[in-house]
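To be precise, the following lines are work_18.csv, and they hold CSV, C-alpha atoms.
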chain,number,residue,atom,x,y,z
A,1450,MET,CA,17.9,-40.0,-27.1
A,1451,ASP,CA,21.7,-40.4,-27.4
A,1452,LEU,CA,22.9,-39.0,-30.7
A,1453,THR,CA,26.2,-40.9,-30.6
A,1454,ALA,CA,24.3,-44.1,-31.1
A,1455,LEU,CA,23.3,-42.9,-34.6
A,1456,GLN,CA,26.8,-41.9,-35.6
A,1457,PRO,CA,28.4,-44.1,-38.3
A,1458,SER,CA,30.5,-46.7,-36.5
A,1459,GLU,CA,33.2,-46.7,-39.2
A,1460,ASP,CA,34.8,-44.4,-41.6
A,1461,VAL,CA,33.6,-44.5,-45.2
A,1462,GLU,CA,37.0,-43.6,-46.7
A,1463,PRO,CA,38.5,-47.2,-46.4
A,1464,ILE,CA,35.4,-48.6,-48.1
A,1465,LEU,CA,35.6,-46.1,-50.9
A,1466,GLU,CA,39.3,-46.8,-51.3
A,1467,ALA,CA,38.5,-50.5,-51.6
A,1468,LEU,CA,35.9,-49.8,-54.2
A,1469,ARG,CA,38.4,-47.7,-56.1
A,1470,GLN,CA,40.9,-50.6,-56.1
A,1471,MET,CA,38.3,-52.9,-57.5
A,1472,ALA,CA,37.5,-50.4,-60.3
A,1473,VAL,CA,41.1,-49.9,-61.5
A,1474,PRO,CA,41.2,-50.3,-65.3
A,1475,GLY,CA,42.9,-53.4,-66.6
A,1476,LYS,CA,42.5,-55.3,-63.3
A,1477,ILE,CA,41.5,-58.9,-63.7
A,1478,LEU,CA,38.2,-59.4,-62.0
A,1479,ASP,CA,37.5,-62.7,-60.3
A,1480,GLU,CA,34.2,-64.0,-59.1
A,1481,THR,CA,34.6,-62.6,-55.6
A,1482,ILE,CA,34.8,-59.0,-56.8
A,1483,PRO,CA,31.0,-58.5,-57.2
A,1484,ILE,CA,30.3,-60.1,-53.9
A,1485,GLN,CA,32.9,-57.9,-52.1
A,1486,ALA,CA,31.6,-54.8,-54.0
A,1487,GLY,CA,28.0,-55.6,-53.0
A,1488,ALA,CA,29.1,-56.0,-49.4
A,1489,LEU,CA,30.9,-52.7,-49.5
A,1490,PHE,CA,27.9,-50.9,-51.0
A,1491,ALA,CA,25.7,-52.5,-48.4
A,1492,ARG,CA,28.0,-51.1,-45.7
A,1493,LEU,CA,27.9,-47.7,-47.4
A,1494,LYS,CA,24.0,-47.7,-47.5
A,1495,ALA,CA,23.9,-48.6,-43.8
A,1496,ILE,CA,26.3,-45.8,-43.0
A,1497,ASN,CA,24.2,-43.4,-45.2
A,1498,ARG,CA,21.0,-44.4,-43.4
A,1499,ALA,CA,22.6,-43.9,-40.0
A,1500,SER,CA,23.9,-40.6,-41.1
A,1501,THR,CA,20.5,-39.5,-42.4
A,1502,ALA,CA,18.8,-40.6,-39.2
A,1503,ALA,CA,21.4,-38.8,-37.1
A,1504,ALA,CA,21.0,-35.6,-39.2
A,1505,ARG,CA,17.2,-35.8,-38.9
A,1506,LEU,CA,17.4,-36.3,-35.1
A,1507,ARG,CA,19.9,-33.4,-34.8
A,1508,LYS,CA,17.5,-31.2,-36.7
A,1509,GLN,CA,14.7,-32.1,-34.4
A,1510,HIS,CA,16.8,-31.5,-31.3
A,1511,THR,CA,18.0,-28.2,-32.8
A,1512,ALA,CA,14.4,-27.1,-33.4
A,1513,GLU,CA,13.5,-28.1,-29.9
A,1514,ALA,CA,16.5,-26.2,-28.5
A,1515,ARG,CA,15.6,-23.2,-30.7
A,1516,HIS,CA,12.0,-23.3,-29.4
A,1517,ALA,CA,13.2,-23.5,-25.8
A,1518,ILE,CA,15.5,-20.5,-26.4
A,1519,SER,CA,12.7,-18.5,-28.0
A,1520,GLN,CA,10.4,-19.3,-25.1
A,1521,THR,CA,13.2,-18.3,-22.6
A,1522,HIS,CA,13.8,-15.1,-24.6
A,1523,LEU,CA,10.1,-14.3,-24.6
A,1524,GLY,CA,9.9,-14.9,-20.9
A,1525,LEU,CA,12.9,-12.6,-20.4
A,1526,GLN,CA,11.2,-9.9,-22.5
A,1527,ASN,CA,8.0,-10.3,-20.4
A,1528,LEU,CA,10.0,-10.0,-17.2
A,1529,MET,CA,11.8,-6.9,-18.5
A,1530,TYR,CA,8.5,-5.3,-19.5
A,1531,GLU,CA,7.0,-6.1,-16.1
A,1532,ARG,CA,10.1,-4.7,-14.4
A,1533,ARG,CA,9.8,-1.4,-16.4
A,1534,HIS,CA,6.1,-1.3,-15.5
A,1535,LEU,CA,6.8,-1.8,-11.8
A,1536,GLU,CA,9.6,0.8,-11.9
A,1537,ARG,CA,7.2,3.3,-13.4
A,1538,GLU,CA,4.5,2.5,-10.8
A,1539,ILE,CA,7.1,2.9,-8.0
A,1540,GLU,CA,8.1,6.3,-9.4
A,1541,LYS,CA,4.5,7.3,-9.6
A,1542,CYS,CA,4.0,6.3,-6.0
A,1543,ARG,CA,7.1,8.3,-5.0
A,1544,GLN,CA,5.8,11.4,-6.8
A,1545,PHE,CA,2.2,10.9,-5.5
A,1546,ALA,CA,1.2,13.9,-3.3
A,1547,SER,CA,-0.9,12.3,-0.5
A,1548,ALA,CA,-3.4,14.3,1.4
A,1549,TYR,CA,-1.7,13.7,4.7
A,1550,GLN,CA,1.2,15.9,3.6
A,1551,ASP,CA,-1.2,18.9,3.7
A,1552,ILE,CA,-2.8,17.9,7.1
A,1553,PRO,CA,-1.5,19.9,10.1
A,1554,ILE,CA,-0.6,17.4,12.7
A,1555,HIS,CA,1.2,17.5,16.0
A,1556,PRO,CA,4.9,18.0,15.7
A,1557,LEU,CA,7.1,15.0,16.6
A,1558,ASP,CA,8.0,16.5,20.0
A,1559,GLU,CA,4.3,17.0,20.9
A,1560,PHE,CA,3.5,13.6,19.6
A,1561,ARG,CA,6.1,11.9,21.8
A,1562,GLU,CA,4.9,14.0,24.8
A,1563,LEU,CA,1.1,13.3,24.3
A,1564,ALA,CA,0.8,10.0,22.6
A,1565,PRO,CA,0.6,6.7,24.5
A,1566,ASP,CA,3.7,4.5,24.8
A,1567,THR,CA,2.2,1.9,22.5
A,1568,TYR,CA,2.4,4.5,19.7
A,1569,GLN,CA,6.1,5.2,20.1
A,1570,THR,CA,8.0,2.0,20.9
A,1571,PRO,CA,11.6,1.9,19.9
A,1572,GLU,CA,10.8,-0.3,17.0
A,1573,ILE,CA,8.1,2.1,15.8
A,1574,LEU,CA,10.4,5.1,16.2
A,1575,ALA,CA,13.0,3.3,14.1
A,1576,ASP,CA,10.5,2.7,11.3
A,1577,GLU,CA,9.7,6.0,9.6
A,1578,HIS,CA,6.7,4.7,7.7
A,1579,GLN,CA,5.1,3.1,10.8
A,1580,LEU,CA,5.8,6.2,12.8
A,1581,MET,CA,4.0,8.4,10.3
A,1582,LEU,CA,1.0,6.0,10.4
A,1583,ASN,CA,0.9,6.1,14.2
A,1584,ARG,CA,1.1,9.9,14.1
A,1585,LEU,CA,-1.8,10.1,11.7
A,1586,GLU,CA,-3.8,7.6,13.8
A,1587,PHE,CA,-3.1,9.6,17.0
A,1588,GLU,CA,-4.1,12.8,15.2
A,1589,LEU,CA,-7.4,11.2,14.2
A,1590,SER,CA,-8.1,10.1,17.7
A,1591,GLU,CA,-7.3,13.5,19.1
A,1592,ARG,CA,-9.6,15.2,16.6
A,1593,LYS,CA,-12.4,12.9,17.4
A,1594,ARG,CA,-11.9,13.6,21.1
A,1595,LEU,CA,-11.9,17.4,20.5
A,1596,GLU,CA,-14.9,17.1,18.2
A,1597,GLU,CA,-16.8,15.4,21.0
A,1598,GLU,CA,-15.8,18.1,23.4
A,1599,ARG,CA,-16.9,20.7,20.9
A,1600,LYS,CA,-20.3,19.1,20.6
A,1601,THR,CA,-20.7,18.9,24.3
A,1602,LEU,CA,-19.8,22.6,24.7
A,1603,MET,CA,-22.1,23.5,21.8
A,1604,ALA,CA,-24.9,21.6,23.5
A,1605,ALA,CA,-24.3,23.5,26.8
A,1606,ARG,CA,-24.2,26.8,25.0
A,1607,ASP,CA,-27.4,26.0,23.2
A,1608,LYS,CA,-29.0,25.1,26.5
A,1609,VAL,CA,-27.9,28.4,28.1
A,1610,LEU,CA,-29.1,30.4,25.1
A,1611,LYS,CA,-32.5,28.6,25.3
A,1612,GLU,CA,-32.8,29.3,29.0
A,1613,SER,CA,-31.8,32.9,28.4
A,1614,LYS,CA,-34.3,33.3,25.7
A,1615,GLU,CA,-37.0,31.8,28.0
A,1616,TYR,CA,-36.0,34.3,30.7
A,1617,GLN,CA,-36.1,37.1,28.2
A,1618,ASN,CA,-39.5,36.1,27.0
A,1619,GLN,CA,-40.8,36.1,30.6
A,1620,ILE,CA,-39.2,39.5,31.2
A,1621,ASP,CA,-40.8,40.8,28.0
A,1622,ALA,CA,-44.2,39.4,29.1
A,1623,LEU,CA,-43.9,41.0,32.5
A,1624,ALA,CA,-43.0,44.3,30.9
A,1625,GLU,CA,-46.0,44.1,28.6
A,1626,ARG,CA,-48.2,43.4,31.6
A,1627,PHE,CA,-46.7,46.3,33.6
A,1628,ASP,CA,-47.2,48.6,30.6
A,1629,ALA,CA,-50.8,47.4,30.4
A,1630,LEU,CA,-51.4,48.0,34.1
A,1631,THR,CA,-49.8,51.4,33.9
A,1632,LYS,CA,-52.1,52.4,31.0
A,1633,MET,CA,-55.0,51.0,32.9
A,1634,THR,CA,-54.1,53.0,36.0
A,1635,VAL,CA,-53.9,56.2,33.9
A,1636,GLU,CA,-57.3,55.6,32.4
A,1637,ILE,CA,-58.8,54.9,35.9
A,1638,GLN,CA,-57.3,58.2,37.2
A,1639,LYS,CA,-58.8,60.1,34.2
A,1640,THR,CA,-62.2,58.5,34.8
A,1641,ILE,CA,-62.1,59.4,38.5
A,1642,HIS,CA,-61.3,63.0,37.7
A,1643,GLN,CA,-64.1,63.2,35.2
A,1644,LEU,CA,-66.7,61.6,37.6
A,1645,ALA,CA,-65.7,63.5,40.8
A,1646,PRO,CA,-67.5,67.0,41.4
A,1647,THR,CA,-65.4,70.1,41.5
A,1648,PRO,CA,-65.0,71.3,45.2
A,1649,LEU,CA,-66.5,74.9,46.2
A,1650,SER,CA,-63.9,77.5,47.0
A,1651,PRO,CA,-64.3,78.7,50.7
A,1652,PRO,CA,-65.3,82.4,51.3
A,1653,SER,CA,-62.6,84.9,51.7
A,1654,PRO,CA,-62.0,86.4,55.2
A,1655,SER,CA,-62.8,89.9,54.1
A,1656,SER,CA,-66.3,89.0,53.1
A,1657,VAL,CA,-67.0,87.3,56.4
A,1658,SER,CA,-65.7,90.2,58.7
A,1659,ALA,CA,-67.1,93.1,56.8
A,1660,PRO,CA,-70.1,95.0,58.6
A,1661,LEU,CA,-73.4,95.3,56.9
A,1662,SER,CA,-74.2,98.6,55.3
A,1663,PRO,CA,-77.2,100.7,56.6
A,1664,SER,CA,-79.0,100.3,53.4
A,1665,ALA,CA,-78.7,96.6,53.5
A,1666,THR,CA,-81.8,94.7,54.3
A,1667,PRO,CA,-81.4,91.9,56.7
A,1668,MET,CA,-82.4,88.5,55.6
A,1669,PRO,CA,-85.8,87.5,57.1
A,1670,GLU,CA,-85.6,84.9,59.7
A,1671,PRO,CA,-87.3,81.7,58.8
Write-out of the structure in structure tokens:
Amino acid sequence: MDLTALQPSEDVEPILEALRQMAVPGKILDETIPIQAGALFARLKAINRASTAAARLRKQHTAEARHAISQTHLGLQNLMYERRHLEREIEKCRQFASAYQDIPIHPLDEFRELAPDTYQTPEILADEHQLMLNRLEFELSERKRLEEERKTLMAARDKVLKESKEYQNQIDALAERFDALTKMTVEIQKTIHQLAPTPLSPPSPSSVSAPLSPSATPMPEP
């Protein structure tokens, strides 16, 4: 609403001056004085009503402007609080010690030598953050590959150990059988020696060639 429409359209000072002239002591009053005075008072009342309405409207607009300013100030305080909160969070993120900082990874020279070209395009090399992400991803893929190789080698080792253990078990079984056969052979030899008669010792040559003595009686012939 336009406030100028409610402003008094004329100055009250001339009206008041006219009323003063009518109220001068000793002045002869004619019949038109009350009518003129009534008209002037009516004009004053109209001006007063317009002034009151304009003041009321100005108060309303002032209250609305003050409310808008308060809302704007509150919004500004909220934004400043949010800004401080974000600044604190950013500082926390900068001070955060990530686990990747303690992970031993390939140096940059080895990464550029071993990694595929898709991991090290000029755009990626210019972006430090993306480059670190690619290095970590390459490190993960390399460790997975090495882990698969380790599992394969462990399986081969376990297979060789299993076969060696089986061979050793077979050798131990053969050794036990050989020991049993050896013991059995010894026992058989002992039994043979016990069962076989002792052979007679042959006569000595002196007893065969010695002549009979005269007193010796010859054996009767059968």
- Query: At what distance in Å, to one decimal, does CA of Leu1589 in chain A lie from CA of Ile1552 in chain A?
  - Reply: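 The value is 10.8 Å.
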- Message: Need to verify the contact set: Phe1560 in chain A, 9 Å, only C-alpha atoms, exclusion of same-chain residues closer than 3 positions in sequence. Can you return it as a PyMOL selection string?
- Response: chain A and resi 1554-1557+1563-1565+1569+1584+1587-1588
- Can you work out the spacing between CA of Leu1602 in chain A and CA of Gln1617 in chain A in Å, to one decimal?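 It comes out at 22.1 Å.
For the pair CA of Gln1550 in chain A and CA of His1578 in chain A, the interatomic distance is 13.1 Å.
Proximity to Phe1490 in chain A was assessed for A:Ala1514, A:Leu1465, A:Ala1629, A:Gln1520 counting all atoms listed in the file; the smallest distance is recorded for A:Leu1465.
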Since the input is missing atoms for range 1516-1527 of chain A, could you rebuild it with all heavy atoms and give the result as a compact mmCIF listing (two decimals), in the coordinates of the input?
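The file below, part-v2.txt, is the result:
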# COMPACT_ATOMS: atom_id res chain seq x y z
N HIS A 1516 13.32 -23.60 -30.03
CA HIS A 1516 12.00 -23.30 -29.40
C HIS A 1516 12.16 -22.94 -27.95
O HIS A 1516 11.56 -21.96 -27.46
CB HIS A 1516 11.05 -24.43 -29.64
CG HIS A 1516 9.70 -24.19 -29.03
ND1 HIS A 1516 8.80 -23.30 -29.55
CD2 HIS A 1516 9.11 -24.72 -27.90
CE1 HIS A 1516 7.71 -23.28 -28.79
NE2 HIS A 1516 7.86 -24.14 -27.80
N ALA A 1517 12.97 -23.73 -27.26
CA ALA A 1517 13.20 -23.50 -25.80
C ALA A 1517 13.87 -22.11 -25.63
O ALA A 1517 13.51 -21.34 -24.72
CB ALA A 1517 14.02 -24.59 -25.21
N ILE A 1518 14.84 -21.82 -26.51
CA ILE A 1518 15.50 -20.50 -26.40
C ILE A 1518 14.56 -19.38 -26.69
O ILE A 1518 14.57 -18.34 -26.02
CB ILE A 1518 16.73 -20.48 -27.36
CG1 ILE A 1518 17.80 -21.47 -26.89
CG2 ILE A 1518 17.32 -19.08 -27.45
CD1 ILE A 1518 18.96 -21.62 -27.86
N SER A 1519 13.68 -19.58 -27.70
CA SER A 1519 12.70 -18.50 -28.00
C SER A 1519 11.75 -18.31 -26.86
O SER A 1519 11.42 -17.15 -26.52
CB SER A 1519 11.91 -18.93 -29.28
OG SER A 1519 12.78 -19.06 -30.39
N GLN A 1520 11.30 -19.42 -26.23
CA GLN A 1520 10.40 -19.30 -25.10
C GLN A 1520 11.12 -18.57 -23.92
O GLN A 1520 10.54 -17.73 -23.23
CB GLN A 1520 9.91 -20.65 -24.64
CG GLN A 1520 8.98 -21.32 -25.63
CD GLN A 1520 7.68 -20.52 -25.80
OE1 GLN A 1520 7.14 -19.99 -24.85
NE2 GLN A 1520 7.20 -20.46 -27.03
N THR A 1521 12.40 -18.94 -23.72
CA THR A 1521 13.20 -18.30 -22.60
C THR A 1521 13.35 -16.81 -22.94
O THR A 1521 13.21 -15.96 -22.05
CB THR A 1521 14.52 -18.96 -22.49
OG1 THR A 1521 14.33 -20.37 -22.23
CG2 THR A 1521 15.29 -18.35 -21.34
N HIS A 1522 13.63 -16.48 -24.20
CA HIS A 1522 13.80 -15.10 -24.60
C HIS A 1522 12.49 -14.31 -24.42
O HIS A 1522 12.48 -13.16 -23.93
CB HIS A 1522 14.29 -14.99 -26.02
CG HIS A 1522 14.53 -13.60 -26.48
ND1 HIS A 1522 15.54 -12.79 -25.98
CD2 HIS A 1522 13.88 -12.83 -27.43
CE1 HIS A 1522 15.50 -11.62 -26.57
NE2 HIS A 1522 14.51 -11.61 -27.46
N LEU A 1523 11.38 -14.95 -24.82
CA LEU A 1523 10.10 -14.30 -24.60
C LEU A 1523 9.76 -14.07 -23.17
O LEU A 1523 9.26 -13.00 -22.78
CB LEU A 1523 8.98 -15.15 -25.30
CG LEU A 1523 7.55 -14.60 -25.19
CD1 LEU A 1523 7.46 -13.25 -25.90
CD2 LEU A 1523 6.56 -15.59 -25.79
N GLY A 1524 10.06 -15.09 -22.35
CA GLY A 1524 9.90 -14.90 -20.90
C GLY A 1524 10.72 -13.80 -20.35
O GLY A 1524 10.28 -13.02 -19.49
N LEU A 1525 11.97 -13.71 -20.86
CA LEU A 1525 12.90 -12.60 -20.40
C LEU A 1525 12.32 -11.27 -20.81
O LEU A 1525 12.35 -10.31 -20.02
CB LEU A 1525 14.26 -12.85 -21.00
CG LEU A 1525 15.30 -11.77 -20.65
CD1 LEU A 1525 15.52 -11.69 -19.15
CD2 LEU A 1525 16.60 -12.05 -21.37
N GLN A 1526 11.79 -11.16 -22.03
CA GLN A 1526 11.20 -9.90 -22.50
C GLN A 1526 9.99 -9.52 -21.60
O GLN A 1526 9.80 -8.35 -21.25
CB GLN A 1526 10.80 -9.98 -23.94
CG GLN A 1526 11.99 -9.98 -24.90
CD GLN A 1526 11.53 -10.01 -26.34
OE1 GLN A 1526 10.44 -10.50 -26.65
NE2 GLN A 1526 12.38 -9.52 -27.24
N ASN A 1527 9.17 -10.53 -21.28
CA ASN A 1527 8.00 -10.30 -20.40
C ASN A 1527 8.45 -9.78 -19.04
O ASN A 1527 7.85 -8.85 -18.46
CB ASN A 1527 7.14 -11.51 -20.29
CG ASN A 1527 6.45 -11.86 -21.59
OD1 ASN A 1527 6.24 -11.00 -22.45
ND2 ASN A 1527 6.12 -13.13 -21.77
